[in-house]
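As structure tokens, the structure follows; a few thoughts come after it.
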Amino acid sequence: MDLQKFFAMGGYAGFVWSAYGLTALVLVWNTWAAYRSETEARTSAQRRTELSRETRT
Amino acid sequence: MWTWFHKLGSPPHAYRILGKMAPWFGWPALVLILVATWWGLWKAPTDYQQGDAYRILYIHAPSAWMSMFAYVMMAVAAAIGLIWRIKIAHAASAAGAPIGASFTFLALATGSIWGKPMWGTWWVWDARLTSELLLLFLYLGYMALRASFDDPQRADRASAVLAIVGVINVPIIHYSVQWWTTLHQPASVTKMDRPSIALVMLIPLFLMMAGFQLYYGWAMCRRLRGEILRRERNAGWLKEAN
């Protein structure tokens with residue numbers, strides 16, 4: 001199979017590639033969002049524990 | 001075995017275990033998804049009826065499956081949290097919602113993109129499509145309901161009820177293609193007899209499903225860790241965890 005034919009997807013290129021592109025986009029967003037949600041929680045937890053340490057001393 | 005199970009319910013333990021487990025889900029998920037994409041787009045032969053447009057199947061069906069799987073997991077976790085009052089179960093339920101919602105969106109969007117060349121329309125209000133759209137609204141409603149409470153425990157209880165009631169929709173989605181006449185094609189893999197699809201076309205579908213499943217596991221590990229941290233506001237173990 002040659003590359004040109006591969007990218008043409010039998011005339012359905014626009015549909016197939018946009019569907020796969022969208023999937024990649026959503027998965028990347030999901031990965032980023034999961035990381036961000038964890039790191040955000042960690043930094044705010046850090047801030048809290050530091051605050052409680054300061055008030056105690 | 002029970003002590004192990006009990007330990008899992010304790011936030012510091014779960015936090016640590018989830019952190020260790022995440023890469024065991026993440027890397028295999030990435031490999032499987034990449035292999036399945038290559039196989040589905042390049043190696044698998046063209047369908048004699050649908051041409052190359054059928055290749056959308058390899059992302060559409062796994063997304064749709066994950067949208068239902070994630071919902072059932074969310075509802076089961078909510079029920080466990082409600083019945084046995086386990087905080088971490090509520091946390092797991094909350095952590096799964098955005099992941100499930102994103103797969104539901106993908107199932108709808110890729111289905112729509114597939115529907116245009118095959119059915120001649122982006123959207124029809126038939127049973128399968130409408131019930132899947134309802135699933136998306138259930139996820140969004142669940143998240144909105146959680147966000148509307150300041151008290152996390154009340155948010156847990158209220159959203160758990162919504163999650164459990166909404167689970168009725170899942171079998172409706174699955175059987176909608178049998179119960180009602182619809183444009184959507186009937187199941188070709190999850191049938192009692194042999195699946196009506198060639199093996200070389202079937203393998204990338206299974207690879208992608210496994211990849212998505214593992215990806216869900218990875219995302220759950222990460223989000224649940226965040227959820228645990230948010231809930232353990234003043235616990236002493238947080239200092240060591242950081």
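Residues in the structure tokens are named by chain (A, B, ... in the order shown) and by number from 1 within that chain; ligands are numbered from 1 in the order shown.
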Please identify every residue of chain A that has at least one atom no farther than 8 Å from an atom of chain B, counting only C-alpha atoms, and for each give the shortest atom pair and the distance in Å to one decimal, arranged by chain then increasing number, as a tab-separated table.
```
residue	atom	partner	partner_atom	distance
A:Phe6	CA	B:Trp42	CA	7.2
A:Met9	CA	B:Asp52	CA	5.5
A:Gly10	CA	B:Asp52	CA	5.6
A:Gly11	CA	B:Asp52	CA	7.9
A:Tyr12	CA	B:Ala53	CA	5.7
A:Phe15	CA	B:Ile113	CA	5.8
A:Val16	CA	B:Ile56	CA	5.9
A:Ser18	CA	B:Ile113	CA	7.9
A:Ala19	CA	B:Thr110	CA	5.3
A:Tyr20	CA	B:Ile59	CA	7.3
A:Leu22	CA	B:Leu106	CA	7.7
A:Thr23	CA	B:Leu106	CA	6.5
A:Val26	CA	B:Ser102	CA	6.9
A:Asn30	CA	B:Ile99	CA	7.0
A:Thr31	CA	B:Ala219	CA	6.8
A:Ala34	CA	B:Arg223	CA	5.4
A:Tyr35	CA	B:Arg222	CA	6.4
A:Ser37	CA	B:Gly226	CA	5.9
A:Glu38	CA	B:Gly226	CA	4.0
A:Thr39	CA	B:Gly226	CA	7.2
A:Glu40	CA	B:Gly226	CA	7.6
A:Ala41	CA	B:Gly226	CA	5.2
A:Arg42	CA	B:Leu229	CA	6.6
A:Ala45	CA	B:Leu229	CA	6.6
A:Gln46	CA	B:Asn242	CA	6.7
A:Arg48	CA	B:Asn234	CA	7.7
A:Thr49	CA	B:Lys239	CA	6.5
```
Next, the residues of the selection above should be written as an mmCIF file, in the first residue's frame with N, CA and C atoms.
```cif
data_model
loop_
_atom_site.group_PDB
_atom_site.id
_atom_site.type_symbol
_atom_site.label_atom_id
_atom_site.label_comp_id
_atom_site.auth_asym_id
_atom_site.auth_seq_id
_atom_site.Cartn_x
_atom_site.Cartn_y
_atom_site.Cartn_z
ATOM 1 N N PHE A 6 -2.997 5.599 1.381
ATOM 2 C CA PHE A 6 -3.254 5.486 2.824
ATOM 3 C C PHE A 6 -3.910 6.750 3.351
ATOM 4 N N MET A 9 -7.638 7.341 2.299
ATOM 5 C CA MET A 9 -8.642 6.525 2.998
ATOM 6 C C MET A 9 -9.855 6.215 2.107
ATOM 7 N N GLY A 10 -9.580 5.865 0.874
ATOM 8 C CA GLY A 10 -10.655 5.479 -0.039
ATOM 9 C C GLY A 10 -11.701 6.567 -0.217
ATOM 10 N N GLY A 11 -11.280 7.836 -0.116
ATOM 11 C CA GLY A 11 -12.220 8.937 -0.291
ATOM 12 C C GLY A 11 -12.865 9.396 1.001
ATOM 13 N N TYR A 12 -12.612 8.677 2.077
ATOM 14 C CA TYR A 12 -13.197 9.045 3.368
ATOM 15 C C TYR A 12 -12.209 9.753 4.276
ATOM 16 N N PHE A 15 -13.342 12.182 7.026
ATOM 17 C CA PHE A 15 -14.066 11.570 8.140
ATOM 18 C C PHE A 15 -13.132 10.762 9.027
ATOM 19 N N VAL A 16 -12.360 9.891 8.410
ATOM 20 C CA VAL A 16 -11.495 9.002 9.195
ATOM 21 C C VAL A 16 -10.464 9.800 9.987
ATOM 22 N N SER A 18 -10.419 13.025 10.812
ATOM 23 C CA SER A 18 -10.952 13.912 11.846
ATOM 24 C C SER A 18 -11.397 13.106 13.060
ATOM 25 N N ALA A 19 -11.942 11.905 12.830
ATOM 26 C CA ALA A 19 -12.353 11.067 13.959
ATOM 27 C C ALA A 19 -11.136 10.654 14.787
ATOM 28 N N TYR A 20 -10.062 10.233 14.102
ATOM 29 C CA TYR A 20 -8.857 9.819 14.834
ATOM 30 C C TYR A 20 -8.169 11.013 15.490
ATOM 31 N N LEU A 22 -9.609 13.746 16.561
ATOM 32 C CA LEU A 22 -10.414 14.135 17.714
ATOM 33 C C LEU A 22 -10.150 13.206 18.894
ATOM 34 N N THR A 23 -10.046 11.909 18.598
ATOM 35 C CA THR A 23 -9.772 10.940 19.658
ATOM 36 C C THR A 23 -8.433 11.230 20.315
ATOM 37 N N VAL A 26 -8.774 14.291 22.546
ATOM 38 C CA VAL A 26 -9.487 14.043 23.802
ATOM 39 C C VAL A 26 -8.617 13.239 24.762
ATOM 40 N N ASN A 30 -7.361 14.540 28.303
ATOM 41 C CA ASN A 30 -7.676 13.732 29.479
ATOM 42 C C ASN A 30 -6.433 13.467 30.314
ATOM 43 N N THR A 31 -5.334 13.164 29.623
ATOM 44 C CA THR A 31 -4.072 12.887 30.306
ATOM 45 C C THR A 31 -3.597 14.133 31.045
ATOM 46 N N ALA A 34 -5.878 14.902 34.040
ATOM 47 C CA ALA A 34 -5.668 13.999 35.167
ATOM 48 C C ALA A 34 -4.410 14.400 35.932
ATOM 49 N N TYR A 35 -3.349 14.707 35.192
ATOM 50 C CA TYR A 35 -2.105 15.158 35.828
ATOM 51 C C TYR A 35 -2.341 16.441 36.601
ATOM 52 N N SER A 37 -5.106 17.736 37.767
ATOM 53 C CA SER A 37 -5.970 17.587 38.928
ATOM 54 C C SER A 37 -5.172 17.044 40.115
ATOM 55 N N GLU A 38 -4.222 16.137 39.819
ATOM 56 C CA GLU A 38 -3.412 15.578 40.904
ATOM 57 C C GLU A 38 -2.410 16.600 41.449
ATOM 58 N N THR A 39 -1.716 17.287 40.546
ATOM 59 C CA THR A 39 -0.697 18.224 41.025
ATOM 60 C C THR A 39 -1.329 19.413 41.742
ATOM 61 N N GLU A 40 -2.487 19.834 41.272
ATOM 62 C CA GLU A 40 -3.195 20.932 41.937
ATOM 63 C C GLU A 40 -3.545 20.555 43.367
ATOM 64 N N ALA A 41 -4.077 19.327 43.512
ATOM 65 C CA ALA A 41 -4.439 18.851 44.842
ATOM 66 C C ALA A 41 -3.203 18.757 45.723
ATOM 67 N N ARG A 42 -2.078 18.351 45.112
ATOM 68 C CA ARG A 42 -0.861 18.192 45.905
ATOM 69 C C ARG A 42 -0.326 19.542 46.378
ATOM 70 N N ALA A 45 -2.533 20.882 49.091
ATOM 71 C CA ALA A 45 -2.326 20.131 50.327
ATOM 72 C C ALA A 45 -1.019 20.559 50.981
ATOM 73 N N GLN A 46 -0.012 20.798 50.152
ATOM 74 C CA GLN A 46 1.275 21.257 50.655
ATOM 75 C C GLN A 46 1.125 22.597 51.368
ATOM 76 N N ARG A 48 -1.513 23.821 52.682
ATOM 77 C CA ARG A 48 -2.259 23.647 53.932
ATOM 78 C C ARG A 48 -1.370 23.148 55.055
ATOM 79 N N THR A 49 -0.575 22.111 54.760
ATOM 80 C CA THR A 49 0.256 21.552 55.826
ATOM 81 C C THR A 49 1.308 22.550 56.268
#
```
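Counting only C-alpha atoms, the residue from B:Ala94, B:Gly100, B:Arg85, B:Ala14 that sits nearest to Leu27 in chain A is B:Gly100.
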**Report entry** Per-residue DSSP, range 2-214 of chain B, filtered to helix (DSSP H, G or I), as JSON, numbers by chain
**Finding:** {"B": [2, 3, 4, 5, 6, 7, 8, 11, 12, 13, 14, 15, 16, 17, 18, 19, 20, 21, 22, 23, 24, 25, 26, 27, 28, 29, 30, 31, 32, 33, 34, 35, 36, 37, 38, 39, 40, 41, 42, 43, 52, 53, 54, 55, 56, 57, 58, 59, 60, 61, 62, 63, 64, 65, 66, 67, 68, 69, 70, 71, 72, 73, 74, 75, 76, 77, 78, 79, 80, 81, 82, 83, 84, 87, 88, 89, 90, 91, 92, 93, 94, 95, 96, 97, 98, 99, 100, 101, 102, 103, 104, 105, 106, 107, 108, 109, 110, 111, 112, 113, 114, 115, 116, 117, 118, 119, 127, 128, 129, 130, 131, 132, 133, 134, 135, 136, 137, 138, 139, 140, 141, 142, 143, 144, 145, 146, 147, 152, 153, 154, 155, 156, 157, 158, 159, 160, 161, 162, 163, 164, 165, 166, 169, 170, 171, 172, 173, 174, 175, 176, 177, 178, 179, 199, 200, 201, 202, 203, 204, 205, 206, 207, 208, 209, 210, 211, 212, 213, 214]}
Query - Residues within 12 Å of Asn169 in chain B, only C-alpha atoms, excluding chain neighbours under 5 positions, as a ChimeraX atom specification - result: /B:67-68,71-72,75,127-128,130-139,162-164,174-176
